[in-house]
$ cat structure_7.cif   # mmCIF, C-alpha atoms
data_entry
loop_
_atom_site.label_atom_id
_atom_site.label_comp_id
_atom_site.auth_asym_id
_atom_site.auth_seq_id
_atom_site.Cartn_x
_atom_site.Cartn_y
_atom_site.Cartn_z
CA MET A 1139 15.98 123.13 41.78
CA ALA A 1140 12.70 121.44 40.83
CA ALA A 1141 12.10 118.97 43.64
CA ALA A 1142 11.64 120.11 47.19
CA ILE A 1143 10.61 118.63 50.50
CA ASP A 1144 8.97 120.94 52.97
CA PHE A 1145 8.33 120.10 56.62
CA ALA A 1146 6.17 122.71 58.36
CA GLU A 1147 5.97 122.46 62.15
CA VAL A 1148 5.65 118.66 61.90
CA ARG A 1149 4.72 116.65 64.95
CA VAL A 1150 4.27 112.87 64.95
CA ARG A 1151 2.90 110.98 67.90
CA PHE A 1152 2.67 107.19 68.27
CA GLY A 1153 0.38 106.62 71.24
CA GLU A 1154 1.94 108.33 74.24
CA ARG A 1155 5.30 108.84 72.55
CA GLU A 1156 5.98 112.00 70.55
CA VAL A 1157 8.54 110.98 67.92
CA LEU A 1158 8.85 114.33 66.12
CA ARG A 1159 8.33 117.60 68.01
CA GLY A 1160 7.81 120.48 65.65
CA VAL A 1161 10.24 119.94 62.77
CA THR A 1162 10.40 122.75 60.23
CA ALA A 1163 12.77 122.53 57.28
CA ALA A 1164 12.62 123.32 53.56
CA LEU A 1165 14.95 120.95 51.71
CA THR A 1166 15.92 122.11 48.26
CA GLU A 1167 19.53 120.87 48.15
CA ARG A 1168 20.38 117.90 45.94
CA ARG A 1169 21.89 115.72 48.67
CA VAL A 1170 20.58 116.00 52.21
CA GLY A 1171 21.66 113.78 55.12
CA VAL A 1172 19.93 113.16 58.43
CA VAL A 1173 21.80 111.84 61.49
CA GLY A 1174 20.76 111.22 65.06
CA ALA A 1175 20.80 108.66 67.85
CA ASN A 1176 18.56 105.59 67.75
CA GLY A 1177 15.01 106.69 68.49
CA SER A 1178 15.67 110.33 67.60
CA GLY A 1179 12.97 110.27 64.89
CA LYS A 1180 15.13 110.03 61.73
CA SER A 1181 13.34 107.06 60.18
CA THR A 1182 9.95 108.63 60.88
CA LEU A 1183 11.17 111.81 59.18
CA ALA A 1184 12.16 109.76 56.11
CA ARG A 1185 8.83 107.91 56.06
CA LEU A 1186 6.97 111.21 56.10
CA VAL A 1187 8.41 112.08 52.69
CA ASN A 1188 6.45 109.46 50.77
CA GLY A 1189 3.44 109.27 53.03
CA LEU A 1190 4.35 105.97 54.75
CA ALA A 1191 3.90 108.03 57.91
CA VAL A 1192 1.65 111.09 58.22
CA PRO A 1193 2.10 113.99 60.62
CA THR A 1194 -0.14 114.17 63.67
CA SER A 1195 -0.02 117.93 63.20
CA GLY A 1196 1.74 120.28 60.82
CA SER A 1197 2.25 119.37 57.17
CA VAL A 1198 4.71 117.77 54.77
CA THR A 1199 4.75 118.99 51.17
CA VAL A 1200 6.62 116.99 48.55
CA LEU A 1201 6.79 117.94 44.86
CA GLY A 1202 4.25 120.63 45.71
CA LEU A 1203 1.72 118.11 47.08
CA ASP A 1204 0.52 117.51 50.64
CA THR A 1205 1.48 113.95 51.68
CA ARG A 1206 -1.69 113.57 53.71
CA ARG A 1207 -3.93 114.00 50.68
CA HIS A 1208 -1.77 112.83 47.77
CA ALA A 1209 0.28 109.92 49.17
CA ALA A 1210 -0.31 107.61 46.17
CA LYS A 1211 0.67 110.30 43.65
CA ILE A 1212 3.72 111.31 45.68
CA ARG A 1213 4.91 107.69 45.89
CA ARG A 1214 5.10 107.59 42.10
CA GLY A 1215 7.66 110.41 42.26
CA VAL A 1216 9.51 109.38 45.42
CA GLY A 1217 11.60 106.21 45.56
CA PHE A 1218 12.23 104.72 49.01
CA LEU A 1219 15.15 102.42 49.81
CA PHE A 1220 14.80 100.52 53.10
CA THR A 1221 17.58 99.20 55.34
CA ASP A 1222 16.73 95.53 54.74
CA PRO A 1223 16.67 94.73 51.03
CA ASP A 1224 15.08 91.30 51.67
CA ALA A 1225 11.85 93.04 52.55
CA GLN A 1226 11.79 94.86 49.22
CA ILE A 1227 12.43 91.99 46.84
CA VAL A 1228 9.17 90.57 45.58
CA MET A 1229 10.00 88.37 42.59
CA PRO A 1230 12.24 85.28 42.46
CA THR A 1231 14.83 86.50 39.96
CA VAL A 1232 16.75 89.76 39.62
CA ALA A 1233 15.35 90.92 36.25
CA GLU A 1234 11.80 89.93 37.20
CA ASP A 1235 11.97 91.96 40.39
CA VAL A 1236 13.02 95.08 38.51
CA ALA A 1237 10.36 94.43 35.84
CA PHE A 1238 7.76 94.08 38.60
CA SER A 1239 8.10 97.80 39.38
CA LEU A 1240 6.99 98.57 35.81
CA ARG A 1241 4.06 96.15 35.83
CA ARG A 1242 1.34 98.75 36.27
CA LYS A 1243 2.86 101.11 33.70
CA GLY A 1244 1.31 99.15 30.84
CA LEU A 1245 4.54 99.10 28.82
CA ALA A 1246 5.17 96.68 25.94
CA ALA A 1247 7.29 93.66 26.91
CA ALA A 1248 10.20 94.82 24.71
CA GLU A 1249 10.22 98.28 26.33
CA THR A 1250 10.08 96.72 29.84
CA ASP A 1251 13.02 94.44 28.93
CA ARG A 1252 14.99 97.40 27.57
CA ARG A 1253 14.48 99.51 30.69
CA VAL A 1254 15.25 96.59 33.03
CA HIS A 1255 18.44 95.72 31.16
CA GLU A 1256 19.52 99.36 31.07
CA VAL A 1257 19.16 99.84 34.84
CA LEU A 1258 20.81 96.49 35.68
CA GLU A 1259 23.70 97.44 33.41
CA ARG A 1260 24.04 100.84 35.08
CA TYR A 1261 24.29 99.35 38.58
CA GLY A 1262 26.48 96.36 37.67
CA LEU A 1263 23.87 93.61 38.00
CA ALA A 1264 23.41 92.76 34.30
CA GLY A 1265 25.36 89.52 34.76
CA HIS A 1266 22.89 88.43 37.46
CA ALA A 1267 19.68 89.15 35.53
CA ASP A 1268 18.41 85.56 35.64
CA HIS A 1269 19.86 84.64 39.05
CA PRO A 1270 17.58 83.94 42.02
CA ALA A 1271 17.38 87.18 44.01
CA HIS A 1272 17.77 85.41 47.35
CA HIS A 1273 21.15 84.01 46.25
CA LEU A 1274 22.67 87.51 45.94
CA SER A 1275 24.99 88.92 48.61
CA GLY A 1276 23.66 91.61 50.96
CA GLY A 1277 25.31 94.36 48.92
CA GLN A 1278 23.96 93.01 45.64
CA LYS A 1279 20.47 92.75 47.16
CA GLN A 1280 20.68 96.41 48.17
CA LEU A 1281 21.75 97.28 44.61
CA LEU A 1282 18.81 95.25 43.27
CA ALA A 1283 16.43 97.14 45.57
CA LEU A 1284 17.94 100.37 44.20
CA CYS A 1285 17.51 99.16 40.60
CA SER A 1286 13.84 98.34 41.28
CA ILE A 1287 13.36 101.94 42.40
CA MET A 1288 15.54 103.67 39.81
CA VAL A 1289 13.79 101.93 36.90
CA LEU A 1290 10.78 104.11 37.77
CA GLU A 1291 12.94 107.24 37.42
CA PRO A 1292 11.78 108.93 40.65
CA GLU A 1293 12.31 112.66 41.14
CA ILE A 1294 13.33 112.17 44.78
CA LEU A 1295 15.09 109.24 46.41
CA VAL A 1296 14.80 108.57 50.16
CA MET A 1297 17.17 106.08 51.77
CA ASP A 1298 16.74 104.77 55.30
CA GLU A 1299 20.15 103.55 56.51
CA PRO A 1300 21.16 102.14 53.12
CA THR A 1301 24.65 101.06 54.19
CA THR A 1302 23.91 99.57 57.63
CA LEU A 1303 24.02 95.95 56.40
CA LEU A 1304 26.80 96.47 53.86
CA ASP A 1305 30.52 95.77 54.00
CA LEU A 1306 33.03 98.56 53.35
CA ARG A 1307 33.32 97.85 49.62
CA HIS A 1308 29.56 97.92 49.04
CA SER A 1309 29.18 100.99 51.30
CA ARG A 1310 31.70 102.79 49.11
CA GLN A 1311 29.83 101.63 46.02
CA VAL A 1312 26.59 103.11 47.39
CA ALA A 1313 28.45 106.36 48.27
CA ALA A 1314 29.80 106.57 44.70
CA LEU A 1315 26.33 105.93 43.27
CA LEU A 1316 24.90 108.69 45.45
CA ARG A 1317 27.42 111.16 44.06
CA ASP A 1318 26.27 110.46 40.50
CA LEU A 1319 22.51 110.37 41.00
CA PRO A 1320 20.77 113.29 39.31
CA GLN A 1321 17.80 113.07 41.70
CA GLN A 1322 17.34 114.88 44.97
CA VAL A 1323 18.41 112.41 47.67
CA LEU A 1324 17.51 112.32 51.36
CA VAL A 1325 19.63 109.84 53.32
CA VAL A 1326 19.05 108.83 56.93
CA THR A 1327 22.18 107.15 58.28
CA HIS A 1328 24.65 106.42 61.05
CA ASP A 1329 27.39 106.19 58.40
CA LEU A 1330 29.01 109.62 58.89
CA PRO A 1331 31.68 109.29 56.12
CA LEU A 1332 28.83 108.77 53.65
CA LEU A 1333 27.64 112.32 54.31
CA GLU A 1334 31.03 114.07 54.06
CA ASP A 1335 30.41 115.61 50.64
CA PHE A 1336 26.65 116.17 51.04
CA ASP A 1337 25.13 119.61 50.54
CA ARG A 1338 23.30 119.75 53.85
CA VAL A 1339 23.00 117.64 57.00
CA LEU A 1340 20.32 117.78 59.71
CA VAL A 1341 20.92 116.47 63.23
CA LEU A 1342 17.91 115.14 65.09
CA ASP A 1343 17.77 114.69 68.83
CA GLU A 1344 14.65 113.54 70.68
CA GLY A 1345 12.42 114.56 67.78
CA ARG A 1346 13.88 118.02 67.22
CA VAL A 1347 16.33 119.41 64.67
CA VAL A 1348 19.24 120.52 66.84
CA ALA A 1349 21.72 121.30 64.07
CA ASP A 1350 21.31 122.09 60.38
CA GLY A 1351 24.13 123.06 58.07
CA THR A 1352 27.14 121.85 56.15
CA PRO A 1353 28.31 118.27 56.89
CA ARG A 1354 31.33 119.65 58.77
CA GLU A 1355 29.25 121.81 61.11
CA ALA A 1356 26.38 119.37 61.60
CA ILE A 1357 28.50 116.24 62.06
CA GLY A 1358 30.76 118.16 64.48
CA HIS A 1359 27.66 119.05 66.51
CA TYR A 1360 26.46 115.44 66.38
CA ARG A 1361 29.82 114.12 67.63
CA LYS A 1362 29.68 116.53 70.60
CA LEU A 1363 26.09 115.46 71.29
CA MET A 1364 27.09 111.78 71.35
CA ALA A 1365 30.25 112.32 73.46
CA MET B 1280 12.74 74.00 47.90
CA ASN B 1281 14.35 75.03 44.64
CA GLY B 1282 11.21 74.36 42.66
CA LEU B 1283 9.18 76.47 45.02
CA THR B 1284 11.61 79.35 44.96
CA GLY B 1285 11.45 79.79 41.24
CA ALA B 1286 14.57 77.99 40.09
CA TYR B 1287 14.12 79.12 36.51
CA VAL B 1288 17.02 77.92 34.39
CA PRO B 1289 17.48 80.18 31.35
CA ARG B 1290 18.00 78.17 28.14
CA ALA B 1291 16.99 78.64 24.52
CA SER B 1292 14.90 75.45 24.29
CA PRO B 1293 11.50 74.92 22.63
CA LEU B 1294 10.02 74.27 26.10
CA HIS B 1295 11.29 77.65 27.32
CA ARG B 1296 9.66 79.33 24.33
CA LEU B 1297 6.24 77.73 24.93
CA PRO B 1298 3.74 80.15 26.54
CA ALA B 1299 3.27 79.66 30.29
CA GLY B 1300 -0.48 79.08 29.89
CA ALA B 1301 0.12 76.24 27.41
CA LYS B 1302 2.64 74.62 29.77
CA LEU B 1303 0.27 74.84 32.75
CA ALA B 1304 -2.60 73.38 30.67
CA GLY B 1305 -0.24 70.65 29.39
CA LEU B 1306 0.76 69.86 32.97
CA ALA B 1307 -2.89 69.48 34.00
CA VAL B 1308 -3.58 67.14 31.05
CA ALA B 1309 -0.40 65.11 31.65
CA CYS B 1310 -1.21 64.61 35.35
CA THR B 1311 -4.72 63.45 34.44
CA VAL B 1312 -3.27 60.97 31.91
CA LEU B 1313 -0.81 59.70 34.55
CA VAL B 1314 -3.68 58.93 36.91
CA LEU B 1315 -5.50 57.05 34.12
CA LEU B 1316 -2.48 54.93 33.12
CA THR B 1317 -2.60 51.58 34.89
CA SER B 1318 -0.06 49.29 33.22
CA LEU B 1319 3.60 49.44 34.13
CA LEU B 1320 4.48 49.35 30.42
CA ALA B 1321 2.47 52.54 29.78
CA LEU B 1322 4.05 54.22 32.80
CA GLY B 1323 7.46 53.12 31.52
CA VAL B 1324 6.73 54.87 28.22
CA ALA B 1325 5.57 57.95 30.19
CA THR B 1326 8.90 57.91 32.05
CA LEU B 1327 10.77 57.91 28.75
CA VAL B 1328 8.64 60.84 27.56
CA VAL B 1329 9.43 62.81 30.74
CA VAL B 1330 13.16 62.05 30.36
CA ALA B 1331 12.97 63.16 26.71
CA LEU B 1332 11.24 66.40 27.74
CA TYR B 1333 13.99 67.11 30.28
CA ALA B 1334 16.62 66.43 27.61
CA LEU B 1335 14.78 68.77 25.25
CA SER B 1336 14.71 71.52 27.90
CA ARG B 1337 18.52 71.29 28.37
CA VAL B 1338 18.24 72.25 32.06
CA GLY B 1339 20.77 69.57 33.08
CA ALA B 1340 20.66 66.51 35.30
CA ALA B 1341 21.37 68.40 38.55
CA ALA B 1342 18.35 70.70 38.07
CA ALA B 1343 16.19 67.68 37.18
CA TRP B 1344 17.27 65.78 40.30
CA ALA B 1345 16.63 68.86 42.45
CA GLN B 1346 12.95 68.68 41.44
CA VAL B 1347 12.35 65.07 42.57
CA ARG B 1348 14.86 64.95 45.42
CA PRO B 1349 12.49 66.49 48.02
CA VAL B 1350 9.99 63.61 47.52
CA ARG B 1351 12.52 60.76 47.61
CA TRP B 1352 11.75 59.62 51.18
CA PHE B 1353 8.06 60.05 50.63
CA ALA B 1354 8.39 57.84 47.51
CA VAL B 1355 10.27 55.16 49.47
CA ALA B 1356 7.65 55.19 52.24
CA LEU B 1357 4.81 55.11 49.72
CA PHE B 1358 6.41 52.18 47.89
CA ALA B 1359 6.87 50.22 51.13
CA PHE B 1360 3.28 50.88 52.19
CA GLN B 1361 1.83 49.95 48.81
CA LEU B 1362 4.05 46.86 48.59
CA LEU B 1363 2.67 45.66 51.89
CA PHE B 1364 -1.00 46.23 51.09
CA ALA B 1365 -1.35 46.15 47.28
CA GLY B 1366 1.54 44.19 45.80
CA PRO B 1367 4.70 45.12 43.86
CA GLU B 1368 3.04 46.16 40.58
CA THR B 1369 0.62 48.64 42.18
CA ALA B 1370 3.41 49.95 44.43
CA ALA B 1371 5.70 50.65 41.47
CA ALA B 1372 2.87 52.23 39.43
CA THR B 1373 1.76 54.52 42.29
CA VAL B 1374 5.30 55.71 43.01
CA LEU B 1375 6.01 56.27 39.32
CA ARG B 1376 2.84 58.37 38.96
CA VAL B 1377 3.79 60.61 41.89
CA VAL B 1378 7.43 61.03 40.85
CA LEU B 1379 6.53 61.74 37.21
CA ALA B 1380 3.90 64.32 38.21
CA VAL B 1381 6.42 66.07 40.47
CA ALA B 1382 9.07 65.93 37.73
CA LEU B 1383 6.67 67.45 35.19
CA ALA B 1384 5.64 70.23 37.58
CA GLY B 1385 9.33 70.88 38.22
CA LEU B 1386 9.97 71.02 34.48
CA VAL B 1387 7.33 73.77 34.13
CA THR B 1388 9.05 75.73 36.93
CA LEU B 1389 12.50 75.24 35.42
CA THR B 1390 11.45 76.46 31.98
CA THR B 1391 9.02 79.28 32.92
CA ARG B 1392 9.81 82.63 34.46
CA MET B 1393 7.72 83.38 37.53
CA SER B 1394 6.56 86.63 35.91
CA ALA B 1395 5.25 84.70 32.87
CA MET B 1396 3.53 82.23 35.19
CA LEU B 1397 1.90 85.08 37.12
CA ALA B 1398 0.82 86.85 33.93
CA ALA B 1399 -0.83 83.57 32.77
CA LEU B 1400 -2.46 83.18 36.16
CA GLU B 1401 -3.67 86.77 36.09
CA ARG B 1402 -5.31 86.12 32.70
CA CYS B 1403 -6.95 82.93 34.02
CA LEU B 1404 -8.20 84.83 37.05
CA SER B 1405 -9.59 87.76 35.09
CA PRO B 1406 -13.25 86.61 35.56
CA VAL B 1407 -12.89 87.27 39.32
CA ARG B 1408 -13.21 90.97 38.42
CA PHE B 1409 -16.95 90.34 38.17
CA VAL B 1410 -17.11 89.48 41.87
CA GLY B 1411 -15.09 92.55 42.84
CA LEU B 1412 -11.66 90.92 43.19
CA ASP B 1413 -8.46 92.17 41.55
CA PRO B 1414 -6.61 89.46 39.55
CA PHE B 1415 -3.36 91.44 39.90
CA ARG B 1416 -3.62 91.31 43.67
CA LEU B 1417 -4.38 87.58 43.63
CA SER B 1418 -1.36 86.81 41.44
CA LEU B 1419 0.74 89.14 43.63
CA LEU B 1420 -0.38 87.14 46.65
CA LEU B 1421 0.92 83.96 45.02
CA SER B 1422 4.18 85.62 44.07
CA LEU B 1423 4.73 86.88 47.63
CA THR B 1424 3.99 83.41 49.01
CA VAL B 1425 6.66 81.90 46.74
CA ARG B 1426 9.11 84.70 47.53
CA SER B 1427 8.56 84.31 51.28
CA VAL B 1428 9.70 80.65 51.32
CA PRO B 1429 13.47 81.36 51.20
CA VAL B 1430 13.10 84.42 53.46
CA ILE B 1431 11.31 82.46 56.21
CA ALA B 1432 13.71 79.52 55.72
CA ALA B 1433 16.70 81.87 56.23
CA LEU B 1434 14.99 83.32 59.31
CA ALA B 1435 14.48 79.79 60.70
CA VAL B 1436 18.20 79.07 60.21
CA ARG B 1437 19.12 82.29 62.07
CA VAL B 1438 16.74 81.46 64.94
CA ARG B 1439 18.21 77.93 65.13
CA GLU B 1440 21.75 79.36 65.32
CA ALA B 1441 20.70 81.82 68.05
CA GLN B 1442 19.14 78.91 69.96
CA ARG B 1443 22.37 76.91 69.71
CA ALA B 1444 24.40 79.92 70.87
CA ARG B 1445 22.19 80.19 73.96
CA GLY B 1446 22.06 76.44 74.60
CA VAL B 1447 18.26 76.10 74.27
CA GLU B 1448 18.27 73.87 71.18
CA ARG B 1449 15.50 71.57 72.39
CA SER B 1450 12.97 74.27 73.27
CA LEU B 1451 10.13 74.43 70.74
CA ARG B 1452 8.96 77.72 72.27
CA ALA B 1453 12.40 79.30 71.91
CA PHE B 1454 12.22 78.40 68.20
CA ALA B 1455 8.58 79.22 67.44
CA VAL B 1456 8.26 82.62 69.17
CA PRO B 1457 11.16 84.43 67.41
CA LEU B 1458 10.23 82.75 64.12
CA VAL B 1459 6.63 83.99 64.30
CA VAL B 1460 7.70 87.47 65.49
CA GLY B 1461 10.34 87.67 62.74
CA SER B 1462 7.85 86.51 60.09
CA LEU B 1463 5.31 89.13 61.18
CA ARG B 1464 8.01 91.80 61.12
CA HIS B 1465 8.98 90.70 57.61
CA ALA B 1466 5.32 90.85 56.53
CA ASP B 1467 5.06 94.39 57.93
CA ALA B 1468 8.24 95.53 56.18
CA LEU B 1469 7.13 93.90 52.93
CA GLY B 1470 3.78 95.70 53.12
CA GLU B 1471 5.56 99.02 53.57
CA ALA B 1472 7.94 98.24 50.71
CA LEU B 1473 4.99 97.44 48.43
CA SER B 1474 3.33 100.72 49.40
CA ALA B 1475 6.59 102.54 48.73
CA ARG B 1476 6.68 100.95 45.25
CA GLY B 1477 3.22 102.38 44.62
CA LEU B 1478 1.41 99.03 44.69
CA ASP B 1479 -1.27 100.01 47.16
CA ASP B 1480 -3.20 102.38 44.94
#
$ encode --input "structure_7.cif" --output "structure tokens"
Amino acid sequence: MAAAIDFAEVRVRFGEREVLRGVTAALTERRVGVVGANGSGKSTLARLVNGLAVPTSGSVTVLGLDTRRHAAKIRRGVGFLFTDPDAQIVMPTVAEDVAFSLRRKGLAAAETDRRVHEVLERYGLAGHADHPAHHLSGGQKQLLALCSIMVLEPEILVMDEPTTLLDLRHSRQVAALLRDLPQQVLVVTHDLPLLEDFDRVLVLDEGRVVADGTPREAIGHYRKLMA
Amino acid sequence: MNGLTGAYVPRASPLHRLPAGAKLAGLAVACTVLVLLTSLLALGVATLVVVALYALSRVGAAAAWAQVRPVRWFAVALFAFQLLFAGPETAAATVLRVVLAVALAGLVTLTTRMSAMLAALERCLSPVRFVGLDPFRLSLLLSLTVRSVPVIAALAVRVREAQRARGVERSLRAFAVPLVVGSLRHADALGEALSARGLDD
């Protein structure tokens, strides 16, 4: 396993509120899920992975680099999919938005076109290449956001509630895509069926990891916690 | 709003193939010529040229109408005002100039991808490097402004619906506060998304 995410005694404080209280976990599995109640610190945990948030104390190491010192470099290797795809779409049309991710790579136009077409084809959006991005359905927008990340071939993919705004069909589509991704994936979600065949699931409660194991064990613990 | 939101219509026309920079320069020249034309006959010929350019672009009548439709009431008001103070000939000439300029600008939008437009803009802005500014960031700023139009419009529709549901349709405050808060939230999320895409280094 090449990619790894390592949280070492991580604490995050926003003003008076301590959001994470000493999280320690070395994540080497290919598919890792994180569940927890609202406000339990899951989204903050996800944001720590690509340096969008930094620990108040402790450290986060991703791809062998400390996120506090190498955030820009880490972001090139870590793709991040947000809950709301509207906030991630920058360009007016589908193909242009995917191409935008490659803009600072200095690729020739033909190579950019090839990569964009290839990723749109892979995720079923090739027929929408020239469509206005804001005319897509919620599920298609989420797929577009995923395409814009996957075109950069990240080593790790972090998803913050990727199915929250999706209908059942699109949720299943995302679940199927997750199964086939070769990257290490960290998914924060309330969608428990999505995690059923994951390799490892963490349960967060009030900023602490209270369960860590197989989906069956961890989700069972989470259900008891929420009862 | 279509023109603003990048209603590029993909076609294999000669206008689509023209470089974005040439089209923007052509638009600037054409608008200057429109201002200089005074006779109705000359403006009539200009109208035929614009119609011919639209036909050449093969974008279709609906896309063409969508470009000038937003200014139709403004054109009517302008015509009435000019008719009252400057006579029928000046009124017709002024309205024709405005409508033709809008139609030409729309034609550039319809036949040019936003990315090509931004690349042309970035090239034009490259001298700003000498005063410490980044042309990429400036063109990104423009792109985000264009992209934000439909997002904020959709947010305004949602706020309006929420107002109706709560029976406070007439309150300006009940409309403005959630719209501003929602817009700021969107700006925050967009900033994070750009950072996550590695565009802050």
$ resolve_selection --input "structure_7.cif" --expression "the PyMOL selection byres ((chain A and resi 1220-1234) around 7)" --output "MDAnalysis selection string"
(chainID A and resid 1218:1219 1235:1238 1254 1266:1271 1279:1280 1282:1283 1297:1300 1302) or (chainID B and resid 1284:1285 1393:1394 1422:1423 1426 1465 1468:1469 1472)
$ resolve_selection --input "structure_7.cif" --expression "the PyMOL selection byres ((chain B and resi 1291-1296) around 6)" --output "VMD selection string"
chain B and resid 1290 1297 1336 1390
$ write_last_selection --input "structure_7.cif" --atoms "C-alpha atoms" --output "PDB file, in the frame of the given file"
ATOM      1  CA  ARG B1290      18.000  78.170  28.140  1.00  0.00           C
ATOM      2  CA  LEU B1297       6.240  77.730  24.930  1.00  0.00           C
ATOM      3  CA  SER B1336      14.710  71.520  27.900  1.00  0.00           C
ATOM      4  CA  THR B1390      11.450  76.460  31.980  1.00  0.00           C
TER       5      THR B1390
END
$ residues_around --input "structure_7.cif" --residues "Val1324 (chain B)" --least-positions-apart "5" --cutoff "12 Å" --atoms "all atoms listed in the file" --output "list in words"
Leu1313, Leu1316, Thr1317, Ser1318, Leu1319, Val1329, Val1330, Ala1331, Leu1375, Arg1376 and Leu1379 of chain B
$ resolve_selection --input "structure_7.cif" --expression "the PyMOL selection byres ((chain A and resi 1304) around 10)" --output "PyMOL selection string"
chain A and resi 1221+1275-1280+1300-1303+1305-1312
$ interface_residues --input "structure_7.cif" --of "chain B" --to "chain A" --cutoff "12 Å" --atoms "all atoms listed in the file" --output "PyMOL selection string"
chain B and resi 1281-1290+1388-1389+1391-1398+1415-1416+1418-1434+1461-1480
$ atom_distance --input "structure_7.cif" --atom1 "CA of Glu1256 (chain A)" --atom2 "CA of Cys1285 (chain A)"
9.7 Å
$ residues_around --input "structure_7.cif" --residues "region 1342-1346 of chain A" --least-positions-apart "4" --cutoff "8 Å" --atoms "all atoms listed in the file" --output "PyMOL selection string"
chain A and resi 1156-1161+1172-1175+1177-1180
$ atom_distance --input "structure_7.cif" --atom1 "CA of Thr1311 (chain B)" --atom2 "CA of Leu1386 (chain B)"
16.5 Å
$ decode --input "structure_7.cif" --residues "region 1348-1393 of chain B" --atoms "C-alpha atoms" --output "PDB file, in the first residue's frame"
ATOM      1  CA  ARG B1348     -34.304  39.522 -25.700  1.00  0.00           C
ATOM      2  CA  PRO B1349     -32.974  40.891 -22.367  1.00  0.00           C
ATOM      3  CA  VAL B1350     -32.698  44.418 -23.854  1.00  0.00           C
ATOM      4  CA  ARG B1351     -36.103  44.487 -25.575  1.00  0.00           C
ATOM      5  CA  TRP B1352     -37.846  46.681 -22.976  1.00  0.00           C
ATOM      6  CA  PHE B1353     -34.836  48.906 -22.688  1.00  0.00           C
ATOM      7  CA  ALA B1354     -34.918  49.310 -26.497  1.00  0.00           C
ATOM      8  CA  VAL B1355     -38.626  50.208 -26.433  1.00  0.00           C
ATOM      9  CA  ALA B1356     -38.076  52.777 -23.667  1.00  0.00           C
ATOM     10  CA  LEU B1357     -35.040  54.213 -25.444  1.00  0.00           C
ATOM     11  CA  PHE B1358     -36.998  54.506 -28.703  1.00  0.00           C
ATOM     12  CA  ALA B1359     -39.893  56.279 -26.980  1.00  0.00           C
ATOM     13  CA  PHE B1360     -37.547  58.686 -25.210  1.00  0.00           C
ATOM     14  CA  GLN B1361     -35.562  59.474 -28.355  1.00  0.00           C
ATOM     15  CA  LEU B1362     -38.754  59.829 -30.413  1.00  0.00           C
ATOM     16  CA  LEU B1363     -39.996  62.436 -27.981  1.00  0.00           C
ATOM     17  CA  PHE B1364     -36.798  64.494 -27.839  1.00  0.00           C
ATOM     18  CA  ALA B1365     -34.883  63.828 -31.083  1.00  0.00           C
ATOM     19  CA  GLY B1366     -37.314  62.647 -33.746  1.00  0.00           C
ATOM     20  CA  PRO B1367     -38.055  59.291 -35.417  1.00  0.00           C
ATOM     21  CA  GLU B1368     -34.849  58.963 -37.453  1.00  0.00           C
ATOM     22  CA  THR B1369     -32.491  59.494 -34.498  1.00  0.00           C
ATOM     23  CA  ALA B1370     -34.661  57.215 -32.328  1.00  0.00           C
ATOM     24  CA  ALA B1371     -34.481  54.368 -34.848  1.00  0.00           C
ATOM     25  CA  ALA B1372     -30.722  54.852 -35.385  1.00  0.00           C
ATOM     26  CA  THR B1373     -29.938  54.887 -31.636  1.00  0.00           C
ATOM     27  CA  VAL B1374     -31.996  51.758 -30.951  1.00  0.00           C
ATOM     28  CA  LEU B1375     -30.491  49.946 -33.935  1.00  0.00           C
ATOM     29  CA  ARG B1376     -26.958  50.756 -32.729  1.00  0.00           C
ATOM     30  CA  VAL B1377     -27.645  49.374 -29.244  1.00  0.00           C
ATOM     31  CA  VAL B1378     -29.414  46.229 -30.464  1.00  0.00           C
ATOM     32  CA  LEU B1379     -26.752  45.486 -33.089  1.00  0.00           C
ATOM     33  CA  ALA B1380     -23.927  45.949 -30.559  1.00  0.00           C
ATOM     34  CA  VAL B1381     -25.666  43.578 -28.127  1.00  0.00           C
ATOM     35  CA  ALA B1382     -26.315  41.076 -30.936  1.00  0.00           C
ATOM     36  CA  LEU B1383     -22.651  41.157 -31.988  1.00  0.00           C
ATOM     37  CA  ALA B1384     -21.434  40.701 -28.409  1.00  0.00           C
ATOM     38  CA  GLY B1385     -23.868  37.794 -28.090  1.00  0.00           C
ATOM     39  CA  LEU B1386     -22.527  36.295 -31.303  1.00  0.00           C
ATOM     40  CA  VAL B1387     -18.996  36.309 -29.853  1.00  0.00           C
ATOM     41  CA  THR B1388     -20.311  34.522 -26.731  1.00  0.00           C
ATOM     42  CA  LEU B1389     -22.256  31.983 -28.775  1.00  0.00           C
ATOM     43  CA  THR B1390     -19.284  31.063 -30.949  1.00  0.00           C
ATOM     44  CA  THR B1391     -16.437  31.210 -28.389  1.00  0.00           C
ATOM     45  CA  ARG B1392     -15.742  28.860 -25.520  1.00  0.00           C
ATOM     46  CA  MET B1393     -15.273  30.652 -22.216  1.00  0.00           C
TER      47      MET B1393
END
